[in-house]
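Accompanying notes for the structure given below.
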Amino acid sequence: DNNALNVQQAMFAAPSEKMSFGESAVAELVLFRTNIILGLLKSNISVWLVESDSFWLKDPSAKVLSTEGDIVVMNGLSGTEKLPHGGFQLLRPTAATVSLWEKFVSGLTTAMQTPIKGKTIRAIDNAPQIMFRNLIEEQGSRLQVGWLPSQDFVAGYFFREKEIRTSVPDPTVLLNNYIIGNGNKILRAKEWGFWFLKEDGTCDDARPRTTFLG
């Protein structure tokens, strides 16, 4: 059946149901996910990496898939400085992408040898993204990077900076980051009109679309 969906489950042994940002267990999860992605790329499978704490206000498929590059990323920062965001990437299984990802896995593995399990490691909270950016720069012209337009793909600084909201009135994808904790993410989603889950566990499709100029 050409329409069948084949799902393979990879188990991560989390130390508890809740993991806090900055704990070594979160870094271990990042490494676990990165190894899975490397395996997919080596199997000649494209990977569109997304995270659940984001708002897709419009279908981003056409914009993402039409952007050229071995990898396609969005900027995790505001302003002119660029930092590839780890939670929204299209990875095409080219030799350059596989080489980048092998180096990324190796770097994360080395970094994980120093923290003590279960202890906070806030000093490297942003280390994976910074490491990834540095590896991209080291690849030079061997790796083609496609950057998604910042007016369409926006990180969580959007919620903090009114100037950004004024300049980006109609985003396509909006990340619910720059905030720590699931509870805080849910509260923000409700405050901004992005929470569509009803008490009975179904989706409230009748909710009107939110505007952001406030």
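Residues in the structure tokens are named by chain (A, B, ... in the order shown) and by number from 1 within that chain; ligands are numbered from 1 in the order shown.
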For Glu163 in chain A: contacts at 12 Å, only C-alpha atoms, fewer than 2 positions along chain excluded, given as a PDB file with C-alpha atoms, in the first residue's frame:
```
ATOM      1  CA  SER A  78      16.530  38.904  16.131  1.00  0.00           C
ATOM      2  CA  GLY A  79      18.634  41.509  14.378  1.00  0.00           C
ATOM      3  CA  TYR A 157      11.622  36.971  20.928  1.00  0.00           C
ATOM      4  CA  PHE A 158       8.478  37.974  19.013  1.00  0.00           C
ATOM      5  CA  PHE A 159       6.494  37.883  22.265  1.00  0.00           C
ATOM      6  CA  ARG A 160       8.942  40.146  24.092  1.00  0.00           C
ATOM      7  CA  GLU A 161       9.556  42.855  21.501  1.00  0.00           C
ATOM      8  CA  ARG A 165       5.553  42.268  16.201  1.00  0.00           C
ATOM      9  CA  THR A 166       4.935  45.513  14.333  1.00  0.00           C
ATOM     10  CA  SER A 167       7.452  44.599  11.639  1.00  0.00           C
ATOM     11  CA  VAL A 168       6.210  40.994  11.389  1.00  0.00           C
ATOM     12  CA  PRO A 169       2.403  41.271  11.424  1.00  0.00           C
ATOM     13  CA  PHE A 212      -0.328  40.360  16.832  1.00  0.00           C
ATOM     14  CA  LEU A 213       0.035  44.120  16.640  1.00  0.00           C
ATOM     15  CA  GLY A 214      -0.747  44.634  20.345  1.00  0.00           C
TER      16      GLY A 214
END
```
DSSP on the backbone, then: every residue of range 116-177 of chain A marked alpha helix (DSSP H), written as a PyMOL selection string. chain A and resi 127-139+162-167
- Message: Give me the residues near Val47 in chain A as a PyMOL selection string, where near means some atom within 8 Å (using only C-alpha atoms) and where sequence neighbours in that chain fewer than 2 positions away do not count.
- Response: chain A and resi 37+40-41+45+49+89-93
Residue subset to file, keeping all heavy atoms, as a PDB file, in the first residue's frame:
```
ATOM      1  N   ILE A  37      18.682  11.278  13.684  1.00  0.00           N
ATOM      2  CA  ILE A  37      18.683  12.058  12.440  1.00  0.00           C
ATOM      3  C   ILE A  37      19.847  11.636  11.545  1.00  0.00           C
ATOM      4  O   ILE A  37      19.683  11.502  10.320  1.00  0.00           O
ATOM      5  CB  ILE A  37      18.748  13.561  12.768  1.00  0.00           C
ATOM      6  CG1 ILE A  37      17.451  13.998  13.452  1.00  0.00           C
ATOM      7  CG2 ILE A  37      18.984  14.386  11.506  1.00  0.00           C
ATOM      8  CD1 ILE A  37      17.489  15.402  14.009  1.00  0.00           C
ATOM      9  N   LEU A  40      18.990   8.522   9.686  1.00  0.00           N
ATOM     10  CA  LEU A  40      18.050   8.764   8.588  1.00  0.00           C
ATOM     11  C   LEU A  40      18.763   9.380   7.388  1.00  0.00           C
ATOM     12  O   LEU A  40      18.525   8.980   6.237  1.00  0.00           O
ATOM     13  CB  LEU A  40      16.930   9.688   9.067  1.00  0.00           C
ATOM     14  CG  LEU A  40      15.974   9.104  10.111  1.00  0.00           C
ATOM     15  CD1 LEU A  40      15.043  10.181  10.658  1.00  0.00           C
ATOM     16  CD2 LEU A  40      15.150   7.961   9.511  1.00  0.00           C
ATOM     17  N   LEU A  41      19.626  10.344   7.641  1.00  0.00           N
ATOM     18  CA  LEU A  41      20.353  10.982   6.549  1.00  0.00           C
ATOM     19  C   LEU A  41      21.236   9.976   5.820  1.00  0.00           C
ATOM     20  O   LEU A  41      21.333   9.986   4.580  1.00  0.00           O
ATOM     21  CB  LEU A  41      21.199  12.136   7.084  1.00  0.00           C
ATOM     22  CG  LEU A  41      20.426  13.351   7.631  1.00  0.00           C
ATOM     23  CD1 LEU A  41      21.379  14.319   8.311  1.00  0.00           C
ATOM     24  CD2 LEU A  41      19.649  14.045   6.520  1.00  0.00           C
ATOM     25  N   ILE A  45      17.391   9.679   3.487  1.00  0.00           N
ATOM     26  CA  ILE A  45      16.054  10.176   3.805  1.00  0.00           C
ATOM     27  C   ILE A  45      16.161  11.641   4.228  1.00  0.00           C
ATOM     28  O   ILE A  45      16.948  11.980   5.110  1.00  0.00           O
ATOM     29  CB  ILE A  45      15.422   9.356   4.944  1.00  0.00           C
ATOM     30  CG1 ILE A  45      15.253   7.897   4.518  1.00  0.00           C
ATOM     31  CG2 ILE A  45      14.079   9.955   5.363  1.00  0.00           C
ATOM     32  CD1 ILE A  45      14.805   6.987   5.645  1.00  0.00           C
ATOM     33  N   LEU A  49      12.932  18.665  10.499  1.00  0.00           N
ATOM     34  CA  LEU A  49      12.963  18.650  11.962  1.00  0.00           C
ATOM     35  C   LEU A  49      12.136  19.810  12.497  1.00  0.00           C
ATOM     36  O   LEU A  49      12.417  20.975  12.211  1.00  0.00           O
ATOM     37  CB  LEU A  49      14.412  18.763  12.441  1.00  0.00           C
ATOM     38  CG  LEU A  49      14.649  18.937  13.940  1.00  0.00           C
ATOM     39  CD1 LEU A  49      14.126  17.725  14.700  1.00  0.00           C
ATOM     40  CD2 LEU A  49      16.129  19.148  14.223  1.00  0.00           C
ATOM     41  N   GLN A  89      14.336  22.819  10.992  1.00  0.00           N
ATOM     42  CA  GLN A  89      15.343  22.641   9.949  1.00  0.00           C
ATOM     43  C   GLN A  89      14.864  21.616   8.926  1.00  0.00           C
ATOM     44  O   GLN A  89      14.239  20.618   9.286  1.00  0.00           O
ATOM     45  CB  GLN A  89      16.668  22.136  10.532  1.00  0.00           C
ATOM     46  CG  GLN A  89      17.298  23.020  11.582  1.00  0.00           C
ATOM     47  CD  GLN A  89      18.548  22.402  12.171  1.00  0.00           C
ATOM     48  OE1 GLN A  89      18.970  21.323  11.774  1.00  0.00           O
ATOM     49  NE2 GLN A  89      19.141  23.090  13.131  1.00  0.00           N
ATOM     50  N   LEU A  90      15.175  21.858   7.667  1.00  0.00           N
ATOM     51  CA  LEU A  90      15.019  20.859   6.619  1.00  0.00           C
ATOM     52  C   LEU A  90      16.414  20.370   6.255  1.00  0.00           C
ATOM     53  O   LEU A  90      17.274  21.167   5.883  1.00  0.00           O
ATOM     54  CB  LEU A  90      14.327  21.433   5.389  1.00  0.00           C
ATOM     55  CG  LEU A  90      14.231  20.488   4.179  1.00  0.00           C
ATOM     56  CD1 LEU A  90      13.368  19.271   4.498  1.00  0.00           C
ATOM     57  CD2 LEU A  90      13.702  21.221   2.943  1.00  0.00           C
ATOM     58  N   LEU A  91      16.633  19.077   6.378  1.00  0.00           N
ATOM     59  CA  LEU A  91      17.943  18.479   6.140  1.00  0.00           C
ATOM     60  C   LEU A  91      17.847  17.547   4.948  1.00  0.00           C
ATOM     61  O   LEU A  91      17.150  16.522   5.006  1.00  0.00           O
ATOM     62  CB  LEU A  91      18.414  17.709   7.381  1.00  0.00           C
ATOM     63  CG  LEU A  91      18.388  18.508   8.695  1.00  0.00           C
ATOM     64  CD1 LEU A  91      18.583  17.569   9.880  1.00  0.00           C
ATOM     65  CD2 LEU A  91      19.452  19.593   8.684  1.00  0.00           C
ATOM     66  N   ARG A  92      18.518  17.905   3.876  1.00  0.00           N
ATOM     67  CA  ARG A  92      18.533  17.047   2.687  1.00  0.00           C
ATOM     68  C   ARG A  92      19.742  16.109   2.778  1.00  0.00           C
ATOM     69  O   ARG A  92      20.828  16.530   3.193  1.00  0.00           O
ATOM     70  CB  ARG A  92      18.579  17.903   1.426  1.00  0.00           C
ATOM     71  CG  ARG A  92      17.326  18.775   1.245  1.00  0.00           C
ATOM     72  CD  ARG A  92      17.306  19.510  -0.081  1.00  0.00           C
ATOM     73  NE  ARG A  92      16.011  20.145  -0.299  1.00  0.00           N
ATOM     74  CZ  ARG A  92      15.793  21.468  -0.193  1.00  0.00           C
ATOM     75  NH1 ARG A  92      16.799  22.282   0.166  1.00  0.00           N
ATOM     76  NH2 ARG A  92      14.590  21.965  -0.408  1.00  0.00           N
ATOM     77  N   PRO A  93      19.581  14.834   2.391  1.00  0.00           N
ATOM     78  CA  PRO A  93      20.621  13.827   2.643  1.00  0.00           C
ATOM     79  C   PRO A  93      21.776  13.885   1.646  1.00  0.00           C
ATOM     80  O   PRO A  93      22.120  12.893   1.008  1.00  0.00           O
ATOM     81  CB  PRO A  93      19.849  12.510   2.544  1.00  0.00           C
ATOM     82  CG  PRO A  93      18.761  12.809   1.555  1.00  0.00           C
ATOM     83  CD  PRO A  93      18.369  14.247   1.796  1.00  0.00           C
TER      84      PRO A  93
END
```
- Task: Quick one: pull the distance between CA of Lys42 in chain A and CA of Val98 in chain A, Å, one decimal.
- Result: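 Between CA of Lys42 in chain A and CA of Val98 in chain A the gap is 6.7 Å.
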Review point. Which of chain A counts as strand (DSSP E or B) under DSSP, as JSON, numbers by chain please?
Key: {"A": [23, 47, 48, 49, 50, 54, 55, 56, 71, 72, 73, 74, 75, 84, 85, 86, 87, 88, 89, 90, 91, 120, 145, 146, 147, 153, 154, 173, 174, 175, 197, 203]}
